[in-house]
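Peer 1: This is work-v2.cif (mmCIF, C-alpha atoms, pLDDT in the B column; chains and numbers go by the auth columns).
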```cif
data_coords
#
loop_
_atom_site.group_PDB
_atom_site.id
_atom_site.type_symbol
_atom_site.label_atom_id
_atom_site.label_comp_id
_atom_site.label_asym_id
_atom_site.label_seq_id
_atom_site.Cartn_x
_atom_site.Cartn_y
_atom_site.Cartn_z
_atom_site.B_iso_or_equiv
_atom_site.auth_seq_id
_atom_site.auth_asym_id
ATOM 1 C CA ASP A 1 12.651 -40.146 -26.203 93.00 1 A
ATOM 2 C CA LEU A 2 10.655 -37.580 -24.205 93.00 2 A
ATOM 3 C CA ALA A 3 8.352 -37.002 -27.163 94.00 3 A
ATOM 4 C CA ARG A 4 7.885 -40.751 -27.652 95.00 4 A
ATOM 5 C CA TRP A 5 6.992 -41.064 -23.959 95.00 5 A
ATOM 6 C CA ALA A 6 4.324 -38.348 -24.308 96.00 6 A
ATOM 7 C CA LEU A 7 2.932 -39.938 -27.488 96.00 7 A
ATOM 8 C CA ALA A 8 2.737 -43.344 -25.812 96.00 8 A
ATOM 9 C CA ILE A 9 0.800 -41.911 -22.866 97.00 9 A
ATOM 10 C CA ALA A 10 -1.554 -40.047 -25.216 97.00 10 A
ATOM 11 C CA ASP A 11 -2.137 -43.166 -27.344 97.00 11 A
ATOM 12 C CA ALA A 12 -2.866 -45.277 -24.272 97.00 12 A
ATOM 13 C CA ARG A 13 -5.186 -42.612 -22.834 97.00 13 A
ATOM 14 C CA ALA A 14 -7.160 -42.538 -26.073 96.00 14 A
ATOM 15 C CA GLY A 15 -7.303 -46.336 -26.286 96.00 15 A
ATOM 16 C CA ARG A 16 -5.197 -46.439 -29.443 95.00 16 A
ATOM 17 C CA SER A 17 -2.466 -48.590 -27.909 93.00 17 A
ATOM 18 C CA SER A 18 -1.676 -50.646 -24.836 90.00 18 A
ATOM 19 C CA ALA A 19 1.958 -51.286 -25.719 89.00 19 A
ATOM 20 C CA LEU A 20 3.232 -49.174 -22.810 89.00 20 A
ATOM 21 C CA LEU A 21 0.218 -48.615 -20.537 93.00 21 A
ATOM 22 C CA GLN A 22 -3.351 -49.700 -20.119 95.00 22 A
ATOM 23 C CA GLN A 23 -5.934 -47.008 -20.904 96.00 23 A
ATOM 24 C CA ALA A 24 -7.122 -46.738 -17.294 96.00 24 A
ATOM 25 C CA THR A 25 -3.545 -46.284 -16.064 97.00 25 A
ATOM 26 C CA ALA A 26 -2.777 -43.566 -18.620 97.00 26 A
ATOM 27 C CA ARG A 27 -5.954 -41.709 -17.724 97.00 27 A
ATOM 28 C CA GLN A 28 -5.061 -41.839 -14.041 97.00 28 A
ATOM 29 C CA MET A 29 -1.600 -40.492 -14.795 97.00 29 A
ATOM 30 C CA VAL A 30 -2.920 -37.346 -16.482 97.00 30 A
ATOM 31 C CA THR A 31 -5.751 -36.646 -14.041 97.00 31 A
ATOM 32 C CA GLU A 32 -4.808 -33.963 -11.527 95.00 32 A
ATOM 33 C CA VAL A 33 -4.166 -35.296 -8.041 95.00 33 A
ATOM 34 C CA LYS A 34 -2.627 -32.291 -6.318 90.00 34 A
ATOM 35 C CA ASN A 35 -1.064 -28.920 -7.139 85.00 35 A
ATOM 36 C CA GLY A 36 -1.174 -29.299 -10.914 90.00 36 A
ATOM 37 C CA PHE A 37 0.255 -32.817 -11.023 93.00 37 A
ATOM 38 C CA GLY A 38 -1.245 -36.182 -11.914 96.00 38 A
ATOM 39 C CA ILE A 39 0.587 -39.427 -11.191 96.00 39 A
ATOM 40 C CA GLY A 40 3.913 -38.274 -12.592 94.00 40 A
ATOM 41 C CA PRO A 41 3.196 -35.630 -15.250 96.00 41 A
ATOM 42 C CA SER A 42 2.140 -32.050 -14.645 94.00 42 A
ATOM 43 C CA VAL A 43 -1.305 -31.360 -16.072 95.00 43 A
ATOM 44 C CA GLY A 44 -3.349 -28.284 -16.906 92.00 44 A
ATOM 45 C CA GLY A 45 -5.936 -26.735 -19.199 92.00 45 A
ATOM 46 C CA THR A 46 -9.254 -28.104 -20.389 93.00 46 A
ATOM 47 C CA GLY A 47 -10.756 -29.143 -23.722 94.00 47 A
ATOM 48 C CA THR A 48 -8.378 -28.636 -26.610 93.00 48 A
ATOM 49 C CA ALA A 49 -6.059 -26.717 -24.250 94.00 49 A
ATOM 50 C CA PHE A 50 -5.596 -29.771 -22.008 96.00 50 A
ATOM 51 C CA ARG A 51 -1.898 -30.574 -21.688 96.00 51 A
ATOM 52 C CA PHE A 52 0.487 -32.744 -19.741 97.00 52 A
ATOM 53 C CA GLY A 53 4.245 -32.839 -19.460 96.00 53 A
ATOM 54 C CA HIS A 54 7.153 -32.507 -17.079 95.00 54 A
ATOM 55 C CA GLY A 55 10.128 -30.281 -16.423 92.00 55 A
ATOM 56 C CA GLY A 56 13.539 -31.162 -15.085 91.00 56 A
ATOM 57 C CA ALA A 57 16.486 -29.290 -13.615 90.00 57 A
ATOM 58 C CA ASN A 58 19.771 -29.683 -11.836 89.00 58 A
ATOM 59 C CA ALA A 59 23.003 -27.718 -11.858 86.00 59 A
ATOM 60 C CA GLY A 60 23.730 -26.769 -15.462 90.00 60 A
ATOM 61 C CA PHE A 61 20.640 -28.438 -16.954 93.00 61 A
ATOM 62 C CA HIS A 62 17.003 -27.478 -17.571 92.00 62 A
ATOM 63 C CA SER A 63 14.342 -29.152 -19.689 95.00 63 A
ATOM 64 C CA GLU A 64 10.631 -29.059 -20.362 95.00 64 A
ATOM 65 C CA LEU A 65 8.162 -31.301 -22.138 96.00 65 A
ATOM 66 C CA VAL A 66 4.574 -30.347 -22.979 96.00 66 A
ATOM 67 C CA TYR A 67 2.000 -32.246 -25.040 97.00 67 A
ATOM 68 C CA TYR A 68 -1.589 -31.404 -26.036 96.00 68 A
ATOM 69 C CA PRO A 69 -3.224 -34.810 -26.615 97.00 69 A
ATOM 70 C CA GLU A 70 -6.472 -33.395 -28.015 96.00 70 A
ATOM 71 C CA LEU A 71 -4.512 -31.556 -30.714 94.00 71 A
ATOM 72 C CA GLY A 72 -1.657 -34.012 -31.194 94.00 72 A
ATOM 73 C CA VAL A 73 1.007 -31.326 -30.785 95.00 73 A
ATOM 74 C CA GLY A 74 3.792 -30.695 -28.302 96.00 74 A
ATOM 75 C CA ALA A 75 7.492 -30.146 -27.838 96.00 75 A
ATOM 76 C CA ALA A 76 10.455 -31.214 -25.739 97.00 76 A
ATOM 77 C CA VAL A 77 13.240 -28.693 -25.125 97.00 77 A
ATOM 78 C CA MET A 78 16.468 -29.573 -23.324 96.00 78 A
ATOM 79 C CA THR A 79 19.237 -27.109 -22.427 96.00 79 A
ATOM 80 C CA ASN A 80 22.711 -27.455 -20.961 95.00 80 A
ATOM 81 C CA GLY A 81 22.995 -24.238 -18.937 90.00 81 A
ATOM 82 C CA ASP A 82 21.544 -22.513 -15.879 83.00 82 A
ATOM 83 C CA GLY A 83 20.006 -19.921 -18.202 82.00 83 A
ATOM 84 C CA GLY A 84 17.903 -22.706 -19.727 88.00 84 A
ATOM 85 C CA PRO A 85 14.483 -21.576 -18.403 84.00 85 A
ATOM 86 C CA LEU A 86 14.724 -18.309 -20.328 81.00 86 A
ATOM 87 C CA LEU A 87 15.658 -20.085 -23.545 88.00 87 A
ATOM 88 C CA ILE A 88 12.986 -22.756 -23.032 91.00 88 A
ATOM 89 C CA ARG A 89 10.343 -20.081 -22.529 84.00 89 A
ATOM 90 C CA GLU A 90 11.282 -18.256 -25.726 86.00 90 A
ATOM 91 C CA VAL A 91 11.434 -21.484 -27.756 92.00 91 A
ATOM 92 C CA MET A 92 8.036 -22.587 -26.435 91.00 92 A
ATOM 93 C CA TYR A 93 6.543 -19.174 -27.226 86.00 93 A
ATOM 94 C CA ALA A 94 7.897 -19.351 -30.775 89.00 94 A
ATOM 95 C CA ILE A 95 6.496 -22.850 -31.305 93.00 95 A
ATOM 96 C CA ALA A 96 3.131 -21.889 -29.774 91.00 96 A
ATOM 97 C CA SER A 97 2.871 -18.869 -32.052 86.00 97 A
ATOM 98 C CA GLU A 98 3.927 -20.763 -35.186 89.00 98 A
ATOM 99 C CA TYR A 99 1.570 -23.693 -34.648 89.00 99 A
ATOM 100 C CA GLY A 100 -1.334 -21.915 -32.968 87.00 100 A
ATOM 101 C CA TRP A 101 -1.233 -23.608 -29.586 90.00 101 A
ATOM 102 C CA PRO A 102 -4.263 -22.655 -27.452 86.00 102 A
ATOM 103 C CA ASP A 103 -2.178 -21.150 -24.653 79.00 103 A
ATOM 104 C CA ARG A 104 1.388 -19.939 -23.985 73.00 104 A
ATOM 105 C CA GLN A 105 0.735 -16.794 -25.977 69.00 105 A
ATOM 106 C CA PRO A 106 2.598 -13.642 -24.859 67.00 106 A
ATOM 107 C CA GLN A 107 0.686 -11.583 -22.296 72.00 107 A
ATOM 108 C CA ARG A 108 0.709 -7.860 -21.599 77.00 108 A
ATOM 109 C CA ILE A 109 0.992 -6.616 -18.026 86.00 109 A
ATOM 110 C CA ALA A 110 0.330 -3.238 -16.422 91.00 110 A
ATOM 111 C CA THR A 111 3.118 -2.314 -14.011 93.00 111 A
ATOM 112 C CA ILE A 112 3.069 0.155 -11.118 95.00 112 A
ATOM 113 C CA ALA A 113 5.708 2.281 -9.418 93.00 113 A
ATOM 114 C CA LEU A 114 6.262 0.723 -6.001 93.00 114 A
ATOM 115 C CA ASP A 115 7.132 3.106 -3.159 92.00 115 A
ATOM 116 C CA SER A 116 10.315 2.470 -1.188 93.00 116 A
ATOM 117 C CA ALA A 117 8.526 1.301 1.979 93.00 117 A
ATOM 118 C CA LYS A 118 6.536 -1.347 0.119 95.00 118 A
ATOM 119 C CA ALA A 119 9.669 -2.464 -1.707 95.00 119 A
ATOM 120 C CA ALA A 120 11.623 -2.706 1.553 96.00 120 A
ATOM 121 C CA GLY A 121 8.920 -4.981 2.959 96.00 121 A
ATOM 122 C CA ILE A 122 9.859 -7.880 0.682 97.00 122 A
ATOM 123 C CA LEU A 123 13.655 -7.600 0.934 97.00 123 A
ATOM 124 C CA GLY A 124 15.623 -10.289 2.739 96.00 124 A
ATOM 125 C CA SER A 125 16.225 -14.024 2.871 97.00 125 A
ATOM 126 C CA TRP A 126 13.528 -16.533 1.903 97.00 126 A
ATOM 127 C CA LEU A 127 13.241 -20.310 2.245 96.00 127 A
ATOM 128 C CA LEU A 128 11.660 -21.686 -0.940 94.00 128 A
ATOM 129 C CA ARG A 129 10.058 -25.123 -0.740 90.00 129 A
ATOM 130 C CA VAL A 130 11.745 -26.685 -3.752 83.00 130 A
ATOM 131 C CA GLY A 131 12.879 -30.253 -3.030 79.00 131 A
ATOM 132 C CA PRO A 132 14.561 -30.203 0.375 84.00 132 A
ATOM 133 C CA GLY A 133 14.355 -26.403 0.300 88.00 133 A
ATOM 134 C CA ILE A 134 16.553 -23.689 -1.169 92.00 134 A
ATOM 135 C CA THR A 135 17.397 -20.257 0.182 94.00 135 A
ATOM 136 C CA GLY A 136 16.760 -17.236 -2.002 94.00 136 A
ATOM 137 C CA THR A 137 17.332 -13.555 -1.409 96.00 137 A
ATOM 138 C CA ILE A 138 15.491 -10.473 -2.590 97.00 138 A
ATOM 139 C CA THR A 139 17.631 -7.371 -2.894 97.00 139 A
ATOM 140 C CA ARG A 140 17.302 -3.902 -4.383 95.00 140 A
ATOM 141 C CA GLU A 141 19.932 -3.217 -7.034 93.00 141 A
ATOM 142 C CA ASP A 142 20.045 -0.062 -9.158 91.00 142 A
ATOM 143 C CA GLY A 143 16.384 0.552 -8.430 89.00 143 A
ATOM 144 C CA LYS A 144 15.349 -3.003 -9.323 93.00 144 A
ATOM 145 C CA LEU A 145 14.053 -5.735 -7.020 96.00 145 A
ATOM 146 C CA MET A 146 16.029 -8.903 -7.755 96.00 146 A
ATOM 147 C CA LEU A 147 15.306 -12.498 -6.695 95.00 147 A
ATOM 148 C CA ARG A 148 18.354 -14.758 -6.599 93.00 148 A
ATOM 149 C CA ALA A 149 18.220 -18.460 -5.739 90.00 149 A
ATOM 150 C CA PRO A 150 20.127 -21.617 -6.704 85.00 150 A
ATOM 151 C CA GLU A 151 18.961 -23.304 -9.940 71.00 151 A
ATOM 152 C CA ILE A 152 16.726 -20.308 -10.780 74.00 152 A
ATOM 153 C CA PRO A 153 17.952 -17.570 -13.118 73.00 153 A
ATOM 154 C CA ASP A 154 18.409 -14.203 -11.425 83.00 154 A
ATOM 155 C CA GLU A 155 15.059 -12.494 -11.934 87.00 155 A
ATOM 156 C CA GLU A 156 13.761 -8.952 -11.589 93.00 156 A
ATOM 157 C CA LEU A 157 10.467 -8.702 -9.684 96.00 157 A
ATOM 158 C CA VAL A 158 8.284 -6.223 -11.596 96.00 158 A
ATOM 159 C CA ALA A 159 5.420 -4.850 -9.502 96.00 159 A
ATOM 160 C CA VAL A 160 1.848 -5.122 -10.781 96.00 160 A
ATOM 161 C CA SER A 161 0.428 -4.314 -7.316 96.00 161 A
ATOM 162 C CA ASP A 162 1.805 -3.686 -3.812 94.00 162 A
ATOM 163 C CA SER A 163 2.018 -7.434 -3.186 96.00 163 A
ATOM 164 C CA SER A 164 2.071 -9.036 -6.630 97.00 164 A
ATOM 165 C CA PHE A 165 5.092 -9.185 -8.927 97.00 165 A
ATOM 166 C CA VAL A 166 5.896 -10.693 -12.313 95.00 166 A
ATOM 167 C CA MET A 167 9.188 -12.253 -13.393 90.00 167 A
ATOM 168 C CA VAL A 168 8.839 -11.174 -17.006 81.00 168 A
ATOM 169 C CA PRO A 169 11.176 -13.523 -18.925 74.00 169 A
ATOM 170 C CA LEU A 170 9.871 -16.614 -17.122 75.00 170 A
ATOM 171 C CA GLY A 171 6.250 -15.541 -16.831 79.00 171 A
ATOM 172 C CA TRP A 172 6.250 -16.505 -13.148 88.00 172 A
ATOM 173 C CA ARG A 173 4.278 -14.515 -10.574 93.00 173 A
ATOM 174 C CA ALA A 174 5.267 -13.901 -6.968 96.00 174 A
ATOM 175 C CA THR A 175 2.560 -12.923 -4.495 97.00 175 A
ATOM 176 C CA PHE A 176 3.415 -11.814 -0.957 98.00 176 A
ATOM 177 C CA THR A 177 1.359 -11.774 2.234 97.00 177 A
ATOM 178 C CA ARG A 178 2.196 -8.791 4.429 96.00 178 A
ATOM 179 C CA ASP A 179 1.676 -8.266 8.146 96.00 179 A
ATOM 180 C CA ALA A 180 0.175 -5.143 9.720 94.00 180 A
ATOM 181 C CA THR A 181 3.493 -3.310 9.404 95.00 181 A
ATOM 182 C CA GLY A 182 3.731 -3.999 5.664 94.00 182 A
ATOM 183 C CA ARG A 183 6.519 -6.552 6.068 96.00 183 A
ATOM 184 C CA ALA A 184 6.075 -9.609 3.843 97.00 184 A
ATOM 185 C CA THR A 185 5.998 -12.898 5.743 96.00 185 A
ATOM 186 C CA THR A 186 5.105 -15.477 3.071 97.00 186 A
ATOM 187 C CA MET A 187 5.592 -15.740 -0.675 96.00 187 A
ATOM 188 C CA ARG A 188 3.888 -17.882 -3.318 96.00 188 A
ATOM 189 C CA ILE A 189 5.411 -18.279 -6.792 93.00 189 A
ATOM 190 C CA THR A 190 3.076 -19.555 -9.510 92.00 190 A
ATOM 191 C CA ARG A 191 4.371 -20.868 -12.825 83.00 191 A
ATOM 192 C CA PRO A 192 2.780 -21.709 -16.188 72.00 192 A
ATOM 193 C CA GLN A 193 4.004 -25.277 -15.718 66.00 193 A
ATOM 194 C CA GLY A 194 4.361 -27.129 -12.431 72.00 194 A
ATOM 195 C CA PRO A 195 3.021 -26.596 -8.930 81.00 195 A
ATOM 196 C CA PRO A 196 3.329 -23.338 -6.983 89.00 196 A
ATOM 197 C CA VAL A 197 6.435 -22.721 -4.905 90.00 197 A
ATOM 198 C CA GLU A 198 5.774 -21.564 -1.346 94.00 198 A
ATOM 199 C CA GLY A 199 8.262 -19.404 0.505 95.00 199 A
ATOM 200 C CA THR A 200 8.676 -18.186 4.077 96.00 200 A
ATOM 201 C CA ARG A 201 10.801 -15.339 5.339 96.00 201 A
ATOM 202 C CA GLN A 202 13.980 -16.293 7.168 93.00 202 A
ATOM 203 C CA PRO A 203 15.276 -14.471 10.252 85.00 203 A
#
```
Would you mind giving the structure from this file in structure tokens?
Peer 2:
Amino acid sequence: DLARWALAIADARAGRSSALLQQATARQMVTEVKNGFGIGPSVGGTGTAFRFGHGGANAGFHSELVYYPELGVGAAVMTNGDGGPLLIREVMYAIASEYGWPDRQPQRIATIALDSAKAAGILGSWLLRVGPGITGTITREDGKLMLRAPEIPDEELVAVSDSSFVMVPLGWRATFTRDATGRATTMRITRPQGPPVEGTRQP
């Protein structure tokens, strides 16, 4: 059903069908309005790499749909566990590699060794602006910086600079703004799909 929905939007956008939507409506839907979203779907890329789709999540469920209308390819993946984002990412990578999608290819990163003072500056409780807001914590466990939050898999923050970190399995990036003392006050999580997630330190 998700795939049929994407195909119907793509057909209407291209003027091949008006069974579900008028062409002008479909084009409006997949034109970015704010923060990587059109009217409903998430959107990104240009040319043949242009894509639209949508993710979904609640307790025990995660899903993702992506479609490349210029290429006529895409996929919908649905999972029934809180570890779904990791599985979805790997499945999407495998499909992208097999069928030569223009993005979603694995990327190499150069990590750094973060000193203890810089690491301590991001530890603590954070309010993440997801829906009504969720509280996450960053802790140091066995030498690793871990982000834990409801509906997000526990993730290690791997440093690529003093203020930029990668969550390797998900491909998300967390960037922190620090004050003059080196203490992080705000956080911004960017994702391959969907808008950024802003975070503020809690007392």
Peer 1: Pick out the residues sitting within 8 Å of Glu151 of chain A, and hand them over as JSON, numbers by chain; count all atoms listed in the file, and ignore anything fewer than 6 positions along from it in its own chain.
Peer 2: {"A": [57, 58, 59, 82]}
Peer 1: For this file, the PyMOL selection byres ((chain A and resi 115-128) around 9) selects which residues, as a count of residues only?
Peer 2: 34
Peer 1: Using only C-alpha atoms, which residues sit within 8 Å of Thr111 of chain A once same-chain residues fewer than 2 positions away are excluded, as a PyMOL selection string?
Peer 2: chain A and resi 109+113+158-161
Peer 1: Would you work out the distance separating atom CA of Leu71 of chain A from atom CA of Trp101 of chain A, expressed in Å to one decimal?
Peer 2: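 We find that atom CA of Leu71 of chain A and atom CA of Trp101 of chain A lie 8.7 Å from each other.
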Peer 1: I need the output of the PyMOL selection byres ((chain A and resi 63) around 6) for this file as a list in words; which residues are they?
Peer 2: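 Here the PyMOL selection byres ((chain A and resi 63) around 6) matches Gly55, Gly56, His62, Glu64, Val77, Met78 and Thr79 of chain A.
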Peer 1: What's the separation between atom CA of Gly83 of chain A and atom CA of Glu155 of chain A, in Å to one decimal place?
Peer 2: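 That distance, rounded to one decimal, is 10.9 Å.
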Peer 1: Taking the file as shown, what set of residues would the PyMOL selection byres ((chain A and resi 37) around 12) give back, as a list in words?
Peer 2: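 So the PyMOL selection byres ((chain A and resi 37) around 12), applied here, picks out Gln28, Met29, Val30, Thr31, Glu32, Val33, Lys34, Asn35, Gly36, Gly38, Ile39, Gly40, Pro41, Ser42, Val43, Gly44, Gly45, Arg51, Phe52, Gly53, His54, Gly55, Gln193, Gly194, Pro195 and Pro196 of chain A.
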Peer 1: What does the distance from atom CA of Pro150 of chain A to atom CA of Asp179 of chain A come to in Å, to one decimal?
Peer 2: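 So the two atoms, atom CA of Pro150 of chain A and atom CA of Asp179 of chain A, lie 27.2 Å apart.
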Peer 1: Need the shell around Val73 of chain A: protein/DNA/RNA residues with any atom at most 12 Å away, counting all atoms listed in the file. Skip same-chain ones fewer than 3 positions apart. Format as a compact mmCIF listing (two decimals) with C-alpha atoms, in the frame of the given file?
Peer 2:
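Done, and the output landed in part29.txt:
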```
# COMPACT_ATOMS: atom_id res chain seq x y z
CA ALA A 3 8.35 -37.00 -27.16
CA ALA A 6 4.32 -38.35 -24.31
CA LEU A 7 2.93 -39.94 -27.49
CA ALA A 10 -1.55 -40.05 -25.22
CA THR A 48 -8.38 -28.64 -26.61
CA ALA A 49 -6.06 -26.72 -24.25
CA PHE A 50 -5.60 -29.77 -22.01
CA ARG A 51 -1.90 -30.57 -21.69
CA PHE A 52 0.49 -32.74 -19.74
CA GLY A 53 4.24 -32.84 -19.46
CA LEU A 65 8.16 -31.30 -22.14
CA VAL A 66 4.57 -30.35 -22.98
CA TYR A 67 2.00 -32.25 -25.04
CA TYR A 68 -1.59 -31.40 -26.04
CA PRO A 69 -3.22 -34.81 -26.62
CA GLU A 70 -6.47 -33.40 -28.02
CA ALA A 76 10.46 -31.21 -25.74
CA ILE A 95 6.50 -22.85 -31.30
CA ALA A 96 3.13 -21.89 -29.77
CA GLU A 98 3.93 -20.76 -35.19
CA TYR A 99 1.57 -23.69 -34.65
CA GLY A 100 -1.33 -21.92 -32.97
CA TRP A 101 -1.23 -23.61 -29.59
CA PRO A 102 -4.26 -22.66 -27.45
```
Peer 1: Which one of A:Arg89, A:Leu157, A:Leu21, A:Gly47 sits closest to Ile112 of chain A if you count all atoms listed in the file?
Peer 2: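 Between A:Arg89, A:Leu157, A:Leu21, A:Gly47, the residue approaching Ile112 of chain A most closely is A:Leu157.
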Peer 1: Tell me which protein, DNA and RNA residues are within 9 Å of Leu86 of chain A, counting all atoms listed in the file, leaving out same-chain ones fewer than 5 positions away, and put them as an NGL selection string.
Peer 2: :A and (91 or 153 or 169-170)
Peer 1: N, CA, C and O atoms are needed for segment 63-80 of chain A; please write them out as an mmCIF file, keeping the file's coordinate frame.
Peer 2:
```cif
data_model
loop_
_atom_site.group_PDB
_atom_site.id
_atom_site.type_symbol
_atom_site.label_atom_id
_atom_site.label_comp_id
_atom_site.auth_asym_id
_atom_site.auth_seq_id
_atom_site.Cartn_x
_atom_site.Cartn_y
_atom_site.Cartn_z
ATOM 1 N N SER A 63 15.106 -28.611 -18.573
ATOM 2 C CA SER A 63 14.342 -29.152 -19.689
ATOM 3 C C SER A 63 12.854 -28.989 -19.426
ATOM 4 O O SER A 63 12.427 -28.762 -18.290
ATOM 5 N N GLU A 64 12.082 -29.100 -20.502
ATOM 6 C CA GLU A 64 10.631 -29.059 -20.362
ATOM 7 C C GLU A 64 9.988 -29.832 -21.511
ATOM 8 O O GLU A 64 10.430 -29.739 -22.657
ATOM 9 N N LEU A 65 8.970 -30.578 -21.162
ATOM 10 C CA LEU A 65 8.162 -31.301 -22.138
ATOM 11 C C LEU A 65 6.715 -30.889 -21.949
ATOM 12 O O LEU A 65 6.233 -30.805 -20.815
ATOM 13 N N VAL A 66 6.012 -30.611 -23.039
ATOM 14 C CA VAL A 66 4.574 -30.347 -22.979
ATOM 15 C C VAL A 66 3.918 -31.016 -24.180
ATOM 16 O O VAL A 66 4.490 -31.041 -25.280
ATOM 17 N N TYR A 67 2.724 -31.584 -23.959
ATOM 18 C CA TYR A 67 2.000 -32.246 -25.040
ATOM 19 C C TYR A 67 0.511 -31.989 -24.869
ATOM 20 O O TYR A 67 -0.026 -32.070 -23.764
ATOM 21 N N TYR A 68 -0.150 -31.654 -25.987
ATOM 22 C CA TYR A 68 -1.589 -31.404 -26.036
ATOM 23 C C TYR A 68 -2.246 -32.596 -26.744
ATOM 24 O O TYR A 68 -2.300 -32.635 -27.976
ATOM 25 N N PRO A 69 -2.741 -33.580 -25.980
ATOM 26 C CA PRO A 69 -3.224 -34.810 -26.615
ATOM 27 C C PRO A 69 -4.459 -34.613 -27.489
ATOM 28 O O PRO A 69 -4.651 -35.363 -28.449
ATOM 29 N N GLU A 70 -5.282 -33.608 -27.192
ATOM 30 C CA GLU A 70 -6.472 -33.395 -28.015
ATOM 31 C C GLU A 70 -6.111 -32.798 -29.373
ATOM 32 O O GLU A 70 -6.878 -32.906 -30.335
ATOM 33 N N LEU A 71 -4.959 -32.173 -29.459
ATOM 34 C CA LEU A 71 -4.512 -31.556 -30.714
ATOM 35 C C LEU A 71 -3.406 -32.368 -31.391
ATOM 36 O O LEU A 71 -3.126 -32.162 -32.577
ATOM 37 N N GLY A 72 -2.756 -33.240 -30.631
ATOM 38 C CA GLY A 72 -1.657 -34.012 -31.194
ATOM 39 C C GLY A 72 -0.416 -33.189 -31.453
ATOM 40 O O GLY A 72 0.333 -33.466 -32.394
ATOM 41 N N VAL A 73 -0.173 -32.172 -30.613
ATOM 42 C CA VAL A 73 1.007 -31.326 -30.785
ATOM 43 C C VAL A 73 1.724 -31.185 -29.445
ATOM 44 O O VAL A 73 1.121 -31.324 -28.379
ATOM 45 N N GLY A 74 3.020 -30.903 -29.513
ATOM 46 C CA GLY A 74 3.792 -30.695 -28.302
ATOM 47 C C GLY A 74 5.246 -30.479 -28.636
ATOM 48 O O GLY A 74 5.625 -30.417 -29.819
ATOM 49 N N ALA A 75 6.067 -30.372 -27.618
ATOM 50 C CA ALA A 75 7.492 -30.146 -27.838
ATOM 51 C C ALA A 75 8.272 -30.545 -26.599
ATOM 52 O O ALA A 75 7.756 -30.496 -25.475
ATOM 53 N N ALA A 76 9.503 -30.958 -26.819
ATOM 54 C CA ALA A 76 10.455 -31.214 -25.739
ATOM 55 C C ALA A 76 11.678 -30.347 -25.997
ATOM 56 O O ALA A 76 12.229 -30.360 -27.103
ATOM 57 N N VAL A 77 12.081 -29.576 -24.996
ATOM 58 C CA VAL A 77 13.240 -28.693 -25.125
ATOM 59 C C VAL A 77 14.196 -29.013 -23.988
ATOM 60 O O VAL A 77 13.793 -29.039 -22.826
ATOM 61 N N MET A 78 15.452 -29.256 -24.328
ATOM 62 C CA MET A 78 16.468 -29.573 -23.324
ATOM 63 C C MET A 78 17.637 -28.610 -23.491
ATOM 64 O O MET A 78 18.062 -28.322 -24.616
ATOM 65 N N THR A 79 18.149 -28.079 -22.376
ATOM 66 C CA THR A 79 19.237 -27.109 -22.427
ATOM 67 C C THR A 79 20.359 -27.531 -21.483
ATOM 68 O O THR A 79 20.116 -28.227 -20.491
ATOM 69 N N ASN A 80 21.556 -27.073 -21.777
ATOM 70 C CA ASN A 80 22.711 -27.455 -20.961
ATOM 71 C C ASN A 80 23.335 -26.236 -20.290
ATOM 72 O O ASN A 80 24.546 -26.035 -20.306
#
```
